[in-house]
Amino acid sequence: MKIGNLIGAVLMATAASAFATSAMAAQDNMLAKVKESGTLRVCTAAYAPWSVKNPIDNKWEGIVPDIVEEIGKALQVKVEWVDTSWSTIVTSIQTGKCDLGGAAIWTAPQRAEVISFTRPVGGDSMTIFVPNDSTAKSLADVDVAGKNIAVASGSADERVAKALFKKATVKPVVSDQPSPAVMELASGRADAASAALLGTSYFIKKNPNLHVKPIAGLSYNYTPFAFAVPAKEYFFRDYINIVLGNLDDSGKLKTIRDKWASLDSKK
């Protein structure tokens, strides 16, 4: 190869390498951006006891805010909450409305194609909720033509319910309020509701006036919860994982979960 051609090839390879490095940095700079801005923007959606809006001061509280507080301390930044719903939280992460999806986000392959999940922070199964006077004991008892099964629109519950129920009509409910499917059931606009077992049971324990209950002994589709960051933000995801891992190893993560997850009506 001639000297001129060799030099040209080296320069092209160097330029290509520099471009690739620059492109990679542009796609993986969330950690630096958060620390530089001094603010961690966190999207969340209502789901007791993980993320709950306190009606008195309108602030988020629960398992997720307590964990996020620890993440903010590690980063040495303030936390700014961005209210979303289950139908918009993934899109909000994708479009840069927040830096971190801090919520009990059900992990799923479809979601992992567009956002990056952290290590799990918990998990839950699903079940069917019915009126207190219902005699339903199984899925078959509610999967009946003419019956409406309420689910939270855009949630994993909706995807699972549409695959599960063959005869009943799945009714997605759009709302940014806690447990929208159960609220639809309690209002009489649905015959049953498909929702997360533990979190929704916590919600109805705190709101006995709803007069609904889970079908005893019925649970399915256990799925881990995780936080999420925009796709390809690996440094930021790994940083969050280190903080979560330290919280887990120290026992503080369990302490936070136990603090909020009790179904004791006195709390």
# chains A, B, ... in the order shown; residues from 1 in each chain; ligands from 1
$ closest_atom_pairs --of "segment 35-94 of chain A" --to "segment 185-200 of chain A" --cutoff "10 Å" --atoms "only C-alpha atoms" --output "JSON lines"
{"residue": "A:Tyr47", "atom": "CA", "partner": "A:Gly199", "partner_atom": "CA", "distance": 6.7}
{"residue": "A:Ala48", "atom": "CA", "partner": "A:Gly199", "partner_atom": "CA", "distance": 5.3}
{"residue": "A:Pro49", "atom": "CA", "partner": "A:Gly199", "partner_atom": "CA", "distance": 6.1}
{"residue": "A:Trp50", "atom": "CA", "partner": "A:Gly199", "partner_atom": "CA", "distance": 7.8}
$ residues_around --residues "Pro180 of chain A" --least-positions-apart "3" --cutoff "9 Å" --atoms "only C-alpha atoms" --output "MDAnalysis selection string"
chainID A and resid 150:153 173:177 183:185
$ closest_residue --among "A:Val121, A:Thr44, A:Tyr234, A:Ser87" --to "Leu247 of chain A" --atoms "only C-alpha atoms"
A:Val121
$ residues_around --residues "Asp258 of chain A" --least-positions-apart "5" --cutoff "10 Å" --atoms "only C-alpha atoms" --output "PyMOL selection string"
chain A and resi 63+252-253
$ residues_around --residues "Gly154 of chain A" --least-positions-apart "5" --cutoff "12 Å" --atoms "only C-alpha atoms" --output "PyMOL selection string"
chain A and resi 45+84-91+105-106+111+159-162+171-176+180-181
$ closest_atom_pairs --of "segment 160-250 of chain A" --to "segment 137-148 of chain A" --cutoff "6 Å" --atoms "only C-alpha atoms" --output "Markdown table"
| residue | atom | partner | partner_atom | distance |
| --- | --- | --- | --- | --- |
| A:Phe165 | CA | A:Asp143 | CA | 5.8 |
| A:Lys167 | CA | A:Ala145 | CA | 4.8 |
| A:Ala168 | CA | A:Ala145 | CA | 4.7 |
| A:Thr169 | CA | A:Asn148 | CA | 4.8 |
| A:Val170 | CA | A:Asn148 | CA | 5.9 |
| A:Ala190 | CA | A:Asn148 | CA | 5.1 |
| A:Asp191 | CA | A:Asn148 | CA | 5.4 |
| A:Ile215 | CA | A:Lys137 | CA | 5.9 |
$ residues_around --residues "Thr107 of chain A" --least-positions-apart "5" --cutoff "7 Å" --atoms "only C-alpha atoms" --output "PyMOL selection string"
chain A and resi 223-226
$ select_by_dssp --residues "segment 1-214 of chain A" --states "strand (DSSP E or B)" --output "ChimeraX atom specification"
/A:39-44,47,51-53,60-61,78-83,100-106,115-131,148-152,169-173,192-196,212-214
